[in-house]
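Participant: What follows is coords.cif, made up of mmCIF, C-alpha atoms and all ligand atoms:
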```cif
data_coords
#
loop_
_atom_site.label_atom_id
_atom_site.label_comp_id
_atom_site.auth_asym_id
_atom_site.auth_seq_id
_atom_site.Cartn_x
_atom_site.Cartn_y
_atom_site.Cartn_z
CA MET A 272 -5.27 14.97 13.21
CA ASP A 273 -7.56 13.24 15.67
CA ARG A 274 -9.64 10.19 14.90
CA ALA A 275 -12.87 12.13 14.40
CA SER A 276 -11.42 14.47 11.78
CA ILE A 277 -9.69 11.57 10.00
CA ARG A 278 -13.02 9.76 9.87
CA ARG A 279 -14.79 12.89 8.55
CA LEU A 280 -12.24 13.32 5.75
CA TYR A 281 -12.55 9.65 4.83
CA GLU A 282 -16.34 9.76 4.77
CA GLU A 283 -16.34 12.88 2.63
CA TYR A 284 -14.48 10.95 -0.06
CA LEU A 285 -16.21 7.60 0.43
CA PRO A 286 -18.25 7.62 -2.82
CA LEU A 287 -15.12 8.40 -4.85
CA ILE A 288 -13.11 5.80 -2.91
CA GLU A 289 -15.71 3.13 -3.59
CA GLU A 290 -15.88 4.04 -7.27
CA SER A 291 -12.08 3.85 -7.56
CA ILE A 292 -11.85 0.54 -5.71
CA ARG A 293 -14.54 -0.96 -7.93
CA SER A 294 -12.60 -0.17 -11.08
CA TRP A 295 -9.27 -1.33 -9.60
CA ARG A 296 -10.90 -4.60 -8.56
CA MET A 297 -11.71 -5.35 -12.21
CA ILE A 298 -8.01 -5.14 -12.94
CA TYR A 299 -7.22 -7.29 -9.91
CA TYR A 300 -9.71 -10.00 -10.98
CA LYS A 301 -8.26 -10.04 -14.47
CA GLU A 302 -4.68 -10.36 -13.26
CA LYS A 303 -4.96 -12.59 -10.23
CA GLY A 304 -5.39 -15.74 -12.31
CA SER A 305 -2.34 -15.17 -14.45
CA ARG A 306 0.80 -15.11 -12.39
CA ARG A 307 3.52 -13.05 -13.98
CA SER A 308 6.68 -15.02 -13.55
CA SER A 309 9.10 -13.53 -16.03
CA LYS A 310 12.52 -13.28 -14.45
CA GLU A 311 13.74 -11.13 -17.30
CA GLY A 312 15.57 -8.18 -15.86
CA ALA A 313 15.55 -9.65 -12.36
CA GLY A 314 17.34 -7.44 -9.90
CA SER A 315 17.24 -4.51 -12.29
CA ARG A 316 17.75 -1.12 -10.70
CA LEU A 317 15.14 1.53 -10.28
CA GLY A 318 15.01 3.98 -13.15
CA LYS A 319 14.53 7.73 -13.00
CA GLU A 320 10.86 7.28 -13.91
CA TYR A 321 10.38 5.78 -10.44
CA ILE A 322 10.74 9.26 -9.01
CA TYR A 323 9.26 11.51 -11.70
CA GLY A 324 5.76 12.02 -12.97
CA THR A 325 3.72 9.52 -10.97
CA VAL A 326 0.09 10.54 -11.30
CA ARG A 327 -2.22 8.50 -9.10
CA PRO A 328 -5.80 8.98 -10.39
CA PHE A 329 -7.63 8.95 -7.06
CA PHE A 330 -5.02 10.75 -4.98
CA GLU A 331 -4.46 13.42 -7.62
CA ARG A 332 -8.16 14.28 -7.31
CA LEU A 333 -7.76 14.35 -3.56
CA SER A 334 -4.77 16.65 -3.71
CA PRO A 335 -3.10 18.19 -6.77
CA ASP A 336 0.35 18.10 -5.12
CA ASP A 337 0.25 14.31 -4.92
CA SER A 338 3.05 13.65 -7.41
CA ARG A 339 5.41 15.87 -5.40
CA TYR A 340 4.47 14.08 -2.21
CA ILE A 341 5.13 10.74 -3.93
CA ARG A 342 8.47 11.96 -5.22
CA THR A 343 9.68 12.82 -1.72
CA HIS A 344 8.78 9.39 -0.42
CA ARG A 345 10.31 7.65 -3.43
CA MET A 346 13.57 9.58 -3.16
CA ILE A 347 14.06 7.86 0.20
CA VAL A 348 13.21 4.43 -1.19
CA PHE A 349 15.44 5.06 -4.22
CA GLY A 350 18.37 6.05 -2.04
CA MET A 351 17.95 3.00 0.17
CA MET A 352 17.70 0.67 -2.85
CA GLU A 353 20.94 2.09 -4.26
CA HIS A 354 22.64 1.58 -0.93
CA SER A 355 21.34 -1.88 -0.10
CA PRO A 356 18.08 -3.51 -1.31
CA SER A 357 18.06 -6.02 1.54
CA LEU A 358 18.65 -3.37 4.18
CA LYS A 359 15.89 -1.26 2.59
CA ALA A 360 13.41 -4.14 2.93
CA VAL A 361 14.25 -4.68 6.61
CA VAL A 362 14.31 -1.01 7.60
CA LEU A 363 11.11 -0.03 5.78
CA LYS A 364 9.17 -2.99 7.16
CA ALA A 365 10.32 -2.11 10.68
CA SER A 366 9.29 1.53 10.10
CA GLY A 367 5.84 0.42 8.94
CA ARG A 368 5.45 -1.70 12.07
CA LYS A 369 6.48 1.29 14.17
CA LEU A 370 3.81 3.47 12.55
CA ALA A 371 1.24 0.71 13.16
CA LYS A 372 2.08 0.65 16.87
CA LEU A 373 1.70 4.43 17.04
CA LEU A 374 -1.69 4.37 15.28
CA LEU A 375 -2.90 1.73 17.72
CA ARG A 376 -1.51 3.48 20.78
CA GLU A 377 -3.05 6.81 19.78
CA GLY A 378 -6.41 5.09 19.29
CA ILE A 379 -6.64 6.14 15.64
CA VAL A 380 -6.95 2.49 14.62
CA LYS A 381 -9.38 0.56 16.79
CA SER A 382 -10.63 -2.12 14.42
CA LEU A 383 -10.04 -3.61 10.98
CA ASP A 384 -12.55 -1.14 9.53
CA ASP A 385 -10.16 1.69 10.35
CA LEU A 386 -7.39 0.30 8.14
CA PRO A 387 -8.71 1.58 4.75
CA MET A 388 -9.39 4.97 6.39
CA VAL A 389 -5.83 5.38 7.65
CA PHE A 390 -4.30 4.23 4.36
CA MET A 391 -6.36 6.76 2.43
CA VAL A 392 -5.90 9.72 4.77
CA GLN A 393 -2.13 9.11 5.07
CA ARG A 394 -2.13 8.87 1.24
CA ILE A 395 -0.45 5.45 1.32
CA GLY A 396 -2.96 3.91 -1.07
CA LEU A 397 -6.49 2.54 -1.43
CA LEU A 398 -6.72 -0.47 0.82
CA ASP A 399 -9.12 -3.28 -0.08
CA ILE A 400 -9.71 -6.27 2.18
CA ILE A 401 -10.33 -9.13 -0.22
CA ASP A 402 -10.62 -12.18 1.95
CA GLU A 403 -10.71 -13.00 5.65
CA SER A 404 -10.57 -16.46 7.14
CA LEU A 405 -9.43 -17.94 10.41
CA ASN A 406 -5.72 -18.22 9.62
CA THR A 407 -5.17 -16.08 6.57
CA MET A 408 -6.21 -12.78 5.07
CA LYS A 409 -5.81 -11.16 1.67
CA VAL A 410 -5.38 -7.41 1.39
CA ASN A 411 -4.84 -5.35 -1.77
CA ILE A 412 -3.53 -1.84 -2.18
CA TYR A 413 -4.32 0.21 -5.28
CA GLU A 414 -2.41 3.35 -6.27
CA CYS A 415 0.27 2.48 -3.71
CA MET A 416 2.72 5.28 -2.93
CA SER A 417 5.73 2.96 -3.10
CA CYS A 418 5.11 1.25 -6.45
CA PHE A 419 2.13 2.59 -8.43
CA GLY A 420 3.01 3.05 -12.11
CA MET A 421 6.63 1.85 -11.85
CA LYS A 422 8.38 -0.43 -14.31
CA PRO A 423 8.89 -3.95 -12.94
CA VAL A 424 12.18 -4.66 -11.18
CA PHE A 425 11.14 -8.23 -10.34
CA THR A 426 11.10 -7.69 -6.63
CA PRO A 427 8.17 -6.57 -4.44
CA MET A 428 8.60 -2.96 -3.37
CA CYS A 429 6.13 -2.33 -0.58
CA ASP A 430 7.90 -3.32 2.64
CA PHE A 431 6.70 -0.20 4.46
CA GLU A 432 3.07 -0.98 3.61
CA ALA A 433 3.53 -4.66 4.56
CA GLY A 434 4.93 -3.52 7.91
CA ILE A 435 1.92 -1.32 8.64
CA ILE A 436 -0.54 -4.11 7.80
CA GLU A 437 1.45 -6.67 9.79
CA GLY A 438 1.79 -4.39 12.81
CA ILE A 439 -1.86 -3.35 12.91
CA LEU A 440 -3.13 -6.91 12.49
CA GLU A 441 -0.72 -8.06 15.18
CA GLY A 442 -2.17 -5.49 17.57
CA LEU A 443 -5.76 -6.39 16.67
CA TYR A 444 -5.57 -10.17 16.25
CA GLY A 445 -2.11 -11.49 17.03
CA ARG A 446 1.22 -12.42 15.49
CA ASN A 447 1.32 -12.86 11.74
CA ALA A 448 3.58 -12.71 8.71
CA THR A 449 2.43 -10.31 5.99
CA VAL A 450 3.98 -11.04 2.61
CA GLU A 451 3.59 -9.05 -0.61
CA LYS A 452 2.78 -11.45 -3.45
CA ASN A 453 1.73 -9.00 -6.17
CA CYS A 454 3.20 -5.60 -6.85
CA TRP A 455 3.86 -3.14 -9.66
CA GLY A 456 7.49 -4.02 -8.92
CA LEU A 457 6.64 -7.60 -9.99
CA GLY A 458 4.75 -6.51 -13.10
CA ASN A 459 1.23 -6.41 -11.63
CA HIS A 460 -1.09 -3.40 -11.55
CA PHE A 461 -1.97 -3.73 -7.87
CA CYS A 462 -0.29 -4.77 -4.62
CA GLY A 463 -1.51 -8.03 -3.13
CA PHE A 464 -0.57 -9.02 0.43
CA GLU A 465 -1.16 -12.36 2.09
CA VAL A 466 -1.35 -12.49 5.87
CA TYR A 467 -0.57 -15.74 7.68
CA PHE A 468 -1.53 -15.81 11.34
CA LYS A 469 0.65 -17.84 13.69
ZN ZN B 501 3.57 -2.93 -4.20
#
```
Go ahead and express the file in the form of structure tokens.

Facilitator:
Amino acid sequence: MDRASIRRLYEEYLPLIEESIRSWRMIYYKEKGSRRSSKEGAGSRLGKEYIYGTVRPFFERLSPDDSRYIRTHRMIVFGMMEHSPSLKAVVLKASGRKLAKLLLREGIVKSLDDLPMVFMVQRIGLLDIIDESLNTMKVNIYECMSCFGMKPVFTPMCDFEAGIIEGILEGLYGRNATVEKNCWGLGNHFCGFEVYFK
């Protein structure tokens, strides 16, 4: 898909995207004040429900095969988690950074405005830029393919997504560390990333 057709698809769905983001933001505002810190079950393994029956409200409207698409992606994450959670984090973040480089090189991402477009069209999630300042940035993802709807395992799950954000922002603005602070895996109902520029 070239940039123009990606942009067309994104714009076609823009009203629905904005409506979805507005309602997810309400949940974000409610939760951001109260940090969930329960360590109960820390390090618990992913259950079968991680793979089956994930229905993402926005993406299901976009495409009725969404839960099958999610299952394929999650099978890979599941397998990596079983093998080695730390290796999974490193490999998926590196893969996300690789995808970011490709999107920049192909000219699909040219500015920060293109980030929500790519996340939606690639069905990664609904990306919402919350805050931008000189040295830091806050980015949320709603209905994230890696964690939406899962039971908490007390570890953040979205290394692939963090890698894409980190890689794209590195290409656009410079070196940074992108860290996932909120996640369904941590008991939240959104993913919250903090970006620290170096
Ligand atoms: Zn997450």

Participant: Env of Ala371 in chain A: 12 Å cut, atoms = all atoms listed in the file, seq-sep filter 4 positions within chain, self excluded. Answer as a PDB file with C-alpha atoms, in the frame of the given file.

Facilitator:
```pdb
ATOM      1  CA  LYS A 364       9.170  -2.990   7.160  1.00  0.00           C
ATOM      2  CA  ALA A 365      10.320  -2.110  10.680  1.00  0.00           C
ATOM      3  CA  SER A 366       9.290   1.530  10.100  1.00  0.00           C
ATOM      4  CA  GLY A 367       5.840   0.420   8.940  1.00  0.00           C
ATOM      5  CA  LEU A 375      -2.900   1.730  17.720  1.00  0.00           C
ATOM      6  CA  ARG A 376      -1.510   3.480  20.780  1.00  0.00           C
ATOM      7  CA  GLU A 377      -3.050   6.810  19.780  1.00  0.00           C
ATOM      8  CA  GLY A 378      -6.410   5.090  19.290  1.00  0.00           C
ATOM      9  CA  ILE A 379      -6.640   6.140  15.640  1.00  0.00           C
ATOM     10  CA  VAL A 380      -6.950   2.490  14.620  1.00  0.00           C
ATOM     11  CA  LYS A 381      -9.380   0.560  16.790  1.00  0.00           C
ATOM     12  CA  ASP A 385     -10.160   1.690  10.350  1.00  0.00           C
ATOM     13  CA  LEU A 386      -7.390   0.300   8.140  1.00  0.00           C
ATOM     14  CA  VAL A 389      -5.830   5.380   7.650  1.00  0.00           C
ATOM     15  CA  PHE A 390      -4.300   4.230   4.360  1.00  0.00           C
ATOM     16  CA  PHE A 431       6.700  -0.200   4.460  1.00  0.00           C
ATOM     17  CA  GLU A 432       3.070  -0.980   3.610  1.00  0.00           C
ATOM     18  CA  ALA A 433       3.530  -4.660   4.560  1.00  0.00           C
ATOM     19  CA  GLY A 434       4.930  -3.520   7.910  1.00  0.00           C
ATOM     20  CA  ILE A 435       1.920  -1.320   8.640  1.00  0.00           C
ATOM     21  CA  ILE A 436      -0.540  -4.110   7.800  1.00  0.00           C
ATOM     22  CA  GLU A 437       1.450  -6.670   9.790  1.00  0.00           C
ATOM     23  CA  GLY A 438       1.790  -4.390  12.810  1.00  0.00           C
ATOM     24  CA  ILE A 439      -1.860  -3.350  12.910  1.00  0.00           C
ATOM     25  CA  LEU A 440      -3.130  -6.910  12.490  1.00  0.00           C
ATOM     26  CA  GLU A 441      -0.720  -8.060  15.180  1.00  0.00           C
ATOM     27  CA  GLY A 442      -2.170  -5.490  17.570  1.00  0.00           C
ATOM     28  CA  LEU A 443      -5.760  -6.390  16.670  1.00  0.00           C
TER      29      LEU A 443
END
```

Participant: Counting all atoms listed in the file, give me one row per residue of chain A with an atom at most 8 Å from an atom of ligand ZN 501 (chain B), showing the shortest contact pair and its distance in Å to one decimal, sorted by chain then residue number, as a Markdown table.

Facilitator:
```
| residue | atom | partner | partner_atom | distance |
| --- | --- | --- | --- | --- |
| A:Ile412 | CA | B:ZN501 | ZN | 7.5 |
| A:Cys415 | CA | B:ZN501 | ZN | 6.4 |
| A:Ser417 | CA | B:ZN501 | ZN | 6.4 |
| A:Cys418 | CA | B:ZN501 | ZN | 5.0 |
| A:Phe419 | CA | B:ZN501 | ZN | 7.1 |
| A:Pro427 | CA | B:ZN501 | ZN | 5.9 |
| A:Met428 | CA | B:ZN501 | ZN | 5.1 |
| A:Cys429 | CA | B:ZN501 | ZN | 4.5 |
| A:Glu451 | CA | B:ZN501 | ZN | 7.1 |
| A:Asn453 | CA | B:ZN501 | ZN | 6.6 |
| A:Cys454 | CA | B:ZN501 | ZN | 3.8 |
| A:Trp455 | CA | B:ZN501 | ZN | 5.5 |
| A:Gly456 | CA | B:ZN501 | ZN | 6.2 |
| A:Phe461 | CA | B:ZN501 | ZN | 6.7 |
| A:Cys462 | CA | B:ZN501 | ZN | 4.3 |
| A:Gly463 | CA | B:ZN501 | ZN | 7.3 |
```

Participant: Using all atoms listed in the file, which residue out of A:Gly350, A:Pro356, A:Gly396, A:Pro286 lies closest to Arg327 in chain A?

Facilitator: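 The closest residue to Arg327 in chain A is A:Gly396.
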
Participant: Within 12 Å of (-8.4, -19.8, 5.9), only C-alpha atoms: residues as a short mmCIF file (atom, residue, chain, number, x, y, z; two decimals) with C-alpha atoms, in the frame of the given file?

Facilitator:
```
data_model
loop_
_atom_site.label_atom_id
_atom_site.label_comp_id
_atom_site.auth_asym_id
_atom_site.auth_seq_id
_atom_site.Cartn_x
_atom_site.Cartn_y
_atom_site.Cartn_z
CA ASP A 402 -10.62 -12.18 1.95
CA GLU A 403 -10.71 -13.00 5.65
CA SER A 404 -10.57 -16.46 7.14
CA LEU A 405 -9.43 -17.94 10.41
CA ASN A 406 -5.72 -18.22 9.62
CA THR A 407 -5.17 -16.08 6.57
CA MET A 408 -6.21 -12.78 5.07
CA LYS A 409 -5.81 -11.16 1.67
CA GLU A 465 -1.16 -12.36 2.09
CA VAL A 466 -1.35 -12.49 5.87
CA TYR A 467 -0.57 -15.74 7.68
CA PHE A 468 -1.53 -15.81 11.34
#
```

Participant: With a distance cut-off of 8 Å and only C-alpha atoms, select the neighbouring residues of Gly458 in chain A, excluding the residue or stretch itself and same-chain residues fewer than 5 positions from it, and output the selection as a PyMOL selection string.

Facilitator: chain A and resi 307+422-425+453

Participant: Please determine, counting only C-alpha atoms, which residue among A:Ile341, A:Met388, A:Leu358, A:Leu317 has the shortest atom-to-atom distance to Glu282 in chain A.

Facilitator: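 Nearest to Glu282 in chain A: A:Met388.
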
Participant: May I ask which of the residues A:Val392, A:Met416, A:Leu373, A:Ile401 is the closest one to Arg342 in chain A, counting all atoms listed in the file?

Facilitator: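 Ranked by minimum distance to Arg342 in chain A, first place goes to A:Met416.
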
Participant: Counting all atoms listed in the file, figure out which residue out of A:Tyr321, A:Tyr444, A:Phe329, A:Tyr340 gets nearest to Met421 in chain A.

Facilitator: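 When distances to Met421 in chain A are compared using all atoms listed in the file, the smallest one comes from A:Tyr321.
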